[in-house]
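Engineer: Here it is, the structure in full.
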Amino acid sequence: MDMLAGKVKKTSLNVDSAMNPTDVLERPIRLTARDVTVHYGAKQALHGISIDIPDRAVTAFIGPSGCGKSTFLRCINRMNDTIEGAKVGGTIKLDGEDIYAPALDVVELRARIGMVFQKPNPFPKSIYDNVAYGPRIHGLARNKADLDEIVVSSLRKAGLFEEVKDRLQEPGTGLSGGQQQRLCIARAIAVGPEVILMDEPCSALDPIATAVIEELIDELRENYTIVIVTHSMQQAARVSQRTAFFHLGNLIEQGPTEDIFTNPVNKQTQDYIMGRIG
Amino acid sequence: MNALVVAGVLIVLLGISYQTGWSKSRNLVTADGVKVHSRPQYHGSFTAIWAMIPALVILLLWAWFGGGITHNYTVSQIPQDILVSLDQAGLNGALIRINALASGYGVAGETAPWEQAAGDAVRSFNFLTFAGTLILAVVAGGAGLFYARSQINARLRARNSVERVVNVLLLACSAVAILTTVGIVASLVTEALRFFTFINPIDFFFGTVWAPNNAGGDNHGSYGLLPLLSGTLMITAIAMIVAVPVGLLSAIYLSQYAPKSFRAVAKPLIEILAGIPTIVFGFFALVTVGPFLRDFGNAIGLQISATSALTAGIVMGIMIIPFVSSLSDDIMNQVPRTLRDGAYGLGATQSETIRNVLLPAALPGIVGAFLLAVSRAIGETMIVVLAAGNAPILRGSPFEPVSTITVSIVNQLTGDTDFTGPQSLVGFALGLTLFVVTLCLNIFALYIVRRFREQYE
C-alpha cells in the first residue's frame with residue numbers, strides 16, 4: 001500500500017469519507033496502522049486496530065476506561081517499549097516507514113512524534129530548562145541564542161510565554177496545573193515534532209484551564225498532526241475532526257467527528273454517546 | 001509463681017468484667033424506643049477498664065513501695081543487739097541470708113536461731129502482704145466493675161470513653177521511647193559535665209594527644225579528642241568512598257536496567273549483606289583484607305599496615321553498601337513514572353533519562369541515604385576495634401593504624417570501672433560527642449529528605 005506523505009489515498013476503511021467531501025482524510029495520511037495488537041503478558045489489550053490518521057488535523061480516540069485507547073496511543077511512539085512484558089504486533093507506518101522496523105531508531109522516532117501526558121509532568125527544573133531539555137539532548141541549537149529562540153518560540157506556540165516571561169528560571173513545578181500542562185506542550189513542541197500525541201491532556205485540569213488547552217490544540221492543528229485520547233465526548237466533539245471509538249480493545253467505529261456524534265452507525269457507539277456504557 | 005497467680009487473677013477479672021458489661025448492654029437493646037449509643041463491645045471494654053485500672057493501680061503501688069516496706073520489716077526482725085554490731089556490708093549479708101531462708105532456698109553454713117526466726121517471720125509476712133495486696137486489688141477491681149455496671153444505660157457514651165483510654169495508652173507507649181531518649185541524653189550530659197570538672201573542655205575538644213593515665217592517681221593524663229575524631233572521620237571518609245559509588249551504581253542498575261527476575265534475586269541478597277554481624281566483618285578485615293592490603297602495598301612499594309584506617313574503612317564501606325544501595329533504589333523507584341515517561345517521550349535515551357531527570361529528582365533523597373550511611377559508619381565499633389590498629393595518634397596517612405571515638409570508649413569502659421575519675425568518665429564525654437555528631441547528621445538528613453518530598457507536587 002502506498003502511503004507516502006503528500007499523496008492522497010483513500011482506503012476501503014473510509015467509506016464515509018467518500019460521502020463527505022469535507023472530510024480531513026482528503027488530506028495526506030501521516031500514520032497508518034494495520035492489525036495492531038498489544039499483549040501485556042498473557043492478557044491481550046488490543047485486538048487488531050486499523051486506522052489512518054490524516055495530516056494537520058485532530059484525531060480523537062474515545063471510549064470507556066480500559067478500552068485500549070491509551071494503549072494504542074502509546075504504540076504510536078513506542079512508549080510501550082518501556083513497559084516490561086508488553087508485546088506489539090501488526091504494523092504502524094509513519095509516512096510509509098514502519099516504526100517497528102528493527103533498523104528504526106526509537107529515539108529519533110520519539111523526536112518526530114511528541115507526547116503530552118495525562119498528568120502534567122514537568123521535570124523538577126526551571127521553566128527554561130524544561131523546554132530546553134529536548135533541544136539539548138538532540139543537539140538542535142548551535143549556541144545559546146539559538147536555544148533561547150527555540151525556548152521562546154515554543155512557549156509562544158504553547159500560549160504560555162506571556163505568563164512566564166519574567167520567571168523563566170523559576171521551577172516548572174511551581175506553575176498551576178493548566179500552566180504546567182502547557183509547559184509540557186511547549187516542551188514537546190521544542191523538539192520540532194511532526195505528530196503530537198496527547199493522552200487525556202485535560203483530565204487533571206479545571207474547566208477554565210481545559211478551555212485554554214482546547215483552544216491551543218485548535219491552533220496547533222495548523223502545523224501538527226494531533227492525536228488526542230479523551231474521556232470527554234464533548235471535548236472530542238469540540239477539538240477533533242475525526243473520531244475513533246474504542247471498546248474492550250477493539251476499534252468499533254471511526255469517521256468524521258460530526259458523523260460519529262450525530263449519526264453513529266454502530267449500536268455500541270450509539271450507546272456510548274448516549275451515555276449508556278462507559 | 002506469684003507473678004503467675006497475679007496474671008491469672010487479672011485475666012479472670014478482665015474476662016468477668018468484660019462479660020458483665022457486654023451482657024448488660026445486650027439487655028439494653030430491648031429497651032423501648034431508645035437507641036443504644038454504643039455497641040456491646042464498648043460497654044464490655046468500658047466495664048473492663050473500670051475494673052482493671054483500680055486493680056492495676058494497687059498492684060503497681062505495692063510494686064513501688066512494697067520493697068521498702070519488706071526491707072524495713074526484715075530489718076526490724078533482726079534482734080537489736082545483733083543489729084548494732086553489723087556494719088553496712090554485714091547488714092546486707094544478713095538480709096540476703098534471711099531472704100534466702102524465707103524463700104526456702106536455704107543458706108550455706110550454720111543458721112543462727114535468730115536468722116531462722118527472722119526468716120520464718122519474713123516468709124509469713126511476705127505471704128500475708130502478697131495475699132493482702134491481691135485481695136485488695138480484686139476488691140478494688142470489683143468495686144470498679146460494679147460502679148461501671150451501674151453506669152451502663154442506653155445513652156452512656158462508652159465508645160468515646162474507651163477510645164479516650166486507648167488514646168492515652170498510645171500516648172504512654174510513645175512516651176516510653178521519648179523518655180528513654182531524654183533519660184539517656186540527660187545521663188550523658190551530667191556524666192560528661194562531671195568529666196569536665198577534671199579536664200578542661202578546651203583541652204578535651206582541641207587537645208592533640210590522647211594518653212589517659214589509667215593507673216589512677218593525681219596525674220590523669222591527657223584527653224585530646226582530635227586524634228580520635230580524625231581517625232573516625234578518616235575511616236568514615238574511606239568507607240563512603242567505597243560505599244557511595246558501588247551502592248549508587250548498583251542501585252541504578254537494579255532499579256533501571258535489571259530485569260525483574262534478576263532484581264528479585266539480587267535485592268534480597270544485597271540486603272543480607274546488611275544482616276551480617278559487624279564482628280564477622282571485623283575478622284574478615286583482620287584475617288583477609290588487612291594482610292592482602294599489606295602484601296599489595298609491598299608489591300607496589302607502599303608501606304601499608306595490616307591494621308590501618310584503610311583496612312577498617314574499606315571493610316566498613318562494604319558493610320554499608322546495602323544501606324546506600326537499598327535506600328537509593330527505593331528512592332529512585334519513588335520518582336514518578338510519568339516523569340521518566342516525559343523524558344522518554346521527548347526522545348531521551350535511557351541513560352540520558354537517568355542522568356538528567358531521575359538522579360536530579362532523586363538526589364536529595366539519595367543524599368539523605370548517604371548521610372544515614374555516614375551516621376552508621378561513625379557509630380560503628382566492632383570493625384574498627386579489630387581492624388583499625390588502636391593507635392590514638394594524630395596522623396594524616398590512611399596506611400597507618402589509627403583509633404576512633406568508639407574504640408576509645410570500649411577501651412576506657414571495659415574492665416573494673418568505678419566512674420569516679422576521668423579515666424572512665426571520659427567515655428560519657430566521648431559518647432556525647434558522638435551523639436551530637438550523628439544527631440546533627442540525622443537532622444541534616446531529615447531536612448534533605450523533607451525537601452525531597454516537596455520536589456514534584
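Letters A, B, ... go to the chains of the C-alpha cells in the order shown; residues in each chain start at 1; ligands are counted from 1 in the same order.
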Using only C-alpha atoms, determine which residues of chain A fall within 9 Å of chain B; present them as an MDAnalysis selection string.

Structural biologist: chainID A and resid 77 79 82 84 106:125 133:134 137:138 173:174 184 187:188 191

Engineer: Env of region 217-231 of chain A: 6 Å cut, atoms = only C-alpha atoms, seq-sep filter 6 positions within chain, self excluded. Answer as a PyMOL selection string.

Structural biologist: chain A and resi 55-62+194-200

Engineer: Write out as a VMD selection string all residues of region 254-299 of chain B that backbone DSSP assigns to alpha helix (DSSP H).

Structural biologist: chain B and resid 260 to 275 278 to 284 290 to 299

Engineer: Store the residues picked out above, limited to N, CA, C and O atoms, as a compact mmCIF listing (two decimals), in the first residue's frame.

Structural biologist:
# COMPACT_ATOMS: atom_id res chain seq x y z
N LYS B 260 13.31 -8.00 35.86
CA LYS B 260 12.60 -8.25 37.13
C LYS B 260 13.14 -9.48 37.84
O LYS B 260 13.31 -9.48 39.05
N SER B 261 13.44 -10.53 37.06
CA SER B 261 13.85 -11.79 37.69
C SER B 261 15.19 -11.61 38.42
O SER B 261 15.38 -12.10 39.53
N PHE B 262 16.11 -10.85 37.80
CA PHE B 262 17.41 -10.63 38.44
C PHE B 262 17.24 -9.80 39.71
O PHE B 262 17.81 -10.10 40.75
N ARG B 263 16.41 -8.77 39.59
CA ARG B 263 16.18 -7.89 40.72
C ARG B 263 15.60 -8.65 41.90
O ARG B 263 15.97 -8.42 43.05
N ALA B 264 14.68 -9.57 41.60
CA ALA B 264 14.02 -10.32 42.67
C ALA B 264 15.04 -11.14 43.45
O ALA B 264 14.86 -11.37 44.64
N VAL B 265 16.13 -11.57 42.80
CA VAL B 265 17.14 -12.36 43.49
C VAL B 265 18.17 -11.43 44.13
O VAL B 265 18.57 -11.61 45.28
N ALA B 266 18.60 -10.40 43.37
CA ALA B 266 19.74 -9.59 43.80
C ALA B 266 19.42 -8.72 45.00
O ALA B 266 20.24 -8.56 45.90
N LYS B 267 18.22 -8.15 45.01
CA LYS B 267 17.93 -7.19 46.08
C LYS B 267 17.95 -7.84 47.47
O LYS B 267 18.60 -7.33 48.37
N PRO B 268 17.27 -8.98 47.65
CA PRO B 268 17.38 -9.64 48.96
C PRO B 268 18.81 -10.04 49.29
O PRO B 268 19.22 -9.92 50.45
N LEU B 269 19.58 -10.46 48.28
CA LEU B 269 20.97 -10.86 48.56
C LEU B 269 21.77 -9.68 49.08
O LEU B 269 22.54 -9.82 50.04
N ILE B 270 21.59 -8.51 48.46
CA ILE B 270 22.31 -7.33 48.93
C ILE B 270 21.87 -6.97 50.34
O ILE B 270 22.68 -6.58 51.18
N GLU B 271 20.58 -7.16 50.61
CA GLU B 271 20.11 -6.81 51.95
C GLU B 271 20.62 -7.79 53.00
O GLU B 271 20.76 -7.43 54.17
N ILE B 272 20.92 -9.03 52.58
CA ILE B 272 21.51 -9.97 53.53
C ILE B 272 22.86 -9.44 54.01
O ILE B 272 23.23 -9.59 55.17
N LEU B 273 23.57 -8.77 53.13
CA LEU B 273 24.87 -8.18 53.48
C LEU B 273 24.71 -7.28 54.71
O LEU B 273 25.61 -7.21 55.55
N ALA B 274 23.57 -6.60 54.79
CA ALA B 274 23.33 -5.72 55.94
C ALA B 274 23.06 -6.53 57.20
O ALA B 274 23.15 -6.02 58.30
N GLY B 275 22.72 -7.82 57.03
CA GLY B 275 22.40 -8.63 58.19
C GLY B 275 23.60 -9.36 58.76
O GLY B 275 23.50 -9.99 59.81
N THR B 278 28.53 -7.22 62.55
CA THR B 278 29.72 -6.42 62.24
C THR B 278 30.99 -7.09 62.74
O THR B 278 32.06 -6.88 62.19
N ILE B 279 30.87 -7.92 63.78
CA ILE B 279 32.06 -8.60 64.29
C ILE B 279 32.62 -9.55 63.23
O ILE B 279 33.82 -9.74 63.10
N VAL B 280 31.70 -10.13 62.42
CA VAL B 280 32.14 -11.02 61.34
C VAL B 280 32.90 -10.21 60.29
O VAL B 280 33.96 -10.62 59.81
N PHE B 281 32.37 -9.03 59.96
CA PHE B 281 33.11 -8.13 59.07
C PHE B 281 34.46 -7.82 59.68
O PHE B 281 35.47 -7.71 58.98
N GLY B 282 34.50 -7.67 61.01
CA GLY B 282 35.73 -7.33 61.71
C GLY B 282 36.80 -8.37 61.48
O GLY B 282 37.92 -8.04 61.10
N PHE B 283 36.48 -9.65 61.69
CA PHE B 283 37.59 -10.59 61.48
C PHE B 283 37.84 -10.89 60.02
O PHE B 283 38.94 -11.28 59.65
N PHE B 284 36.86 -10.62 59.17
CA PHE B 284 37.12 -10.63 57.72
C PHE B 284 38.18 -9.58 57.39
O PHE B 284 39.12 -9.84 56.63
N GLY B 290 43.20 -7.03 55.61
CA GLY B 290 44.40 -6.40 56.11
C GLY B 290 45.67 -6.99 55.50
O GLY B 290 46.47 -6.27 54.88
N PRO B 291 45.89 -8.30 55.66
CA PRO B 291 47.09 -8.91 55.05
C PRO B 291 47.15 -8.70 53.54
O PRO B 291 48.24 -8.47 52.99
N PHE B 292 46.01 -8.77 52.87
CA PHE B 292 46.02 -8.56 51.42
C PHE B 292 46.52 -7.16 51.09
O PHE B 292 47.38 -6.99 50.21
N LEU B 293 46.01 -6.15 51.82
CA LEU B 293 46.44 -4.77 51.55
C LEU B 293 47.92 -4.60 51.84
O LEU B 293 48.64 -3.93 51.10
N ARG B 294 48.39 -5.25 52.92
CA ARG B 294 49.81 -5.13 53.27
C ARG B 294 50.67 -5.70 52.14
O ARG B 294 51.61 -5.06 51.66
N ASP B 295 50.30 -6.90 51.65
CA ASP B 295 51.08 -7.53 50.58
C ASP B 295 50.98 -6.72 49.30
O ASP B 295 51.97 -6.53 48.58
N PHE B 296 49.80 -6.22 49.04
CA PHE B 296 49.60 -5.41 47.84
C PHE B 296 50.47 -4.16 47.91
O PHE B 296 51.12 -3.78 46.93
N GLY B 297 50.50 -3.53 49.11
CA GLY B 297 51.33 -2.35 49.31
C GLY B 297 52.80 -2.67 49.08
O GLY B 297 53.51 -1.91 48.41
N ASN B 298 53.26 -3.79 49.63
CA ASN B 298 54.64 -4.22 49.41
C ASN B 298 54.95 -4.34 47.93
O ASN B 298 55.99 -3.92 47.46
N ALA B 299 53.99 -4.94 47.21
CA ALA B 299 54.22 -5.19 45.78
C ALA B 299 54.39 -3.90 45.01
O ALA B 299 55.17 -3.83 44.06

Engineer: Quick one: of A:Asp52, A:Glu215, A:Asp259, A:Glu170, who's nearest to Asn130 (chain A), counting only C-alpha atoms?

Structural biologist: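 Among the listed residues, A:Glu170 lies closest to Asn130 (chain A).
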
Engineer: To one decimal place in Å, what is the distance between CA of Glu253 (chain A) and CA of Pro64 (chain A)?

Structural biologist: 13.7 Å

Engineer: Interatomic distance between CA of Val139 (chain B) and CA of Ala48 (chain B)?

Structural biologist: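 Computing it gives 14.1 Å between the two atoms.
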
Engineer: Mind listing the strand (DSSP E or B) residues of region 159-357 of chain B, per DSSP on the backbone, as a compact mmCIF listing (two decimals) with all heavy atoms, in the first residue's frame?

Structural biologist:
# COMPACT_ATOMS: atom_id res chain seq x y z
N TRP B 210 46.19 11.90 72.93
CA TRP B 210 45.29 11.03 73.69
C TRP B 210 46.16 10.05 74.46
O TRP B 210 46.72 9.11 73.89
CB TRP B 210 44.37 10.27 72.73
CG TRP B 210 43.48 9.30 73.43
CD1 TRP B 210 43.71 7.96 73.58
CD2 TRP B 210 42.25 9.56 74.10
NE1 TRP B 210 42.71 7.39 74.30
CE2 TRP B 210 41.79 8.34 74.63
CE3 TRP B 210 41.49 10.72 74.30
CZ2 TRP B 210 40.60 8.23 75.34
CZ3 TRP B 210 40.31 10.62 75.02
CH2 TRP B 210 39.87 9.40 75.50
N ALA B 211 46.33 10.34 75.78
CA ALA B 211 47.14 9.44 76.59
C ALA B 211 46.58 9.40 78.00
O ALA B 211 47.13 10.01 78.92
CB ALA B 211 48.60 9.90 76.60
N PRO B 212 45.45 8.77 78.21
CA PRO B 212 44.90 8.72 79.57
C PRO B 212 45.81 7.90 80.47
O PRO B 212 46.37 6.89 80.04
CB PRO B 212 43.55 8.01 79.37
CG PRO B 212 43.41 7.73 77.94
CD PRO B 212 44.70 7.96 77.25
N GLY B 221 46.62 12.20 83.06
CA GLY B 221 46.99 12.01 81.65
C GLY B 221 46.28 13.03 80.79
O GLY B 221 45.56 13.90 81.29
N SER B 222 46.47 12.95 79.47
CA SER B 222 45.82 13.95 78.61
C SER B 222 44.74 13.29 77.75
O SER B 222 44.88 12.14 77.30
CB SER B 222 46.87 14.63 77.72
OG SER B 222 47.67 13.66 77.11
N TYR B 223 43.66 14.03 77.57
CA TYR B 223 42.49 13.50 76.88
C TYR B 223 42.16 14.36 75.66
O TYR B 223 41.13 15.04 75.64
CB TYR B 223 41.29 13.49 77.83
CG TYR B 223 41.46 12.54 78.99
CD1 TYR B 223 42.09 12.93 80.14
CD2 TYR B 223 40.97 11.23 78.90
CE1 TYR B 223 42.26 12.07 81.20
CE2 TYR B 223 41.13 10.36 79.96
CZ TYR B 223 41.77 10.78 81.11
OH TYR B 223 41.93 9.91 82.14

Engineer: Within 12 Å of Gly21 (chain B), counting only C-alpha atoms, which residues qualify if same-chain residues fewer than 6 places away don't, as JSON, numbers by chain?

Structural biologist: {"B": [14, 15, 27, 28, 38, 39, 40, 41, 42, 43, 44, 45, 46, 47, 48, 49, 50, 51, 144, 145, 146, 147, 148, 149, 150, 151, 152, 153, 156, 158]}

Engineer: In Å, with one decimal, what is the gap from CA of Gly415 (chain B) to CA of Gly431 (chain B)?

Structural biologist: 17.8 Å

Engineer: Could you name the residues that touch region 25-39 of chain A at 6 Å or less, counting only C-alpha atoms, but leaving out those on the same chain fewer than 4 positions away, as a VMD selection string?

Structural biologist: chain A and resid 5 to 8 43 to 55 86 to 95
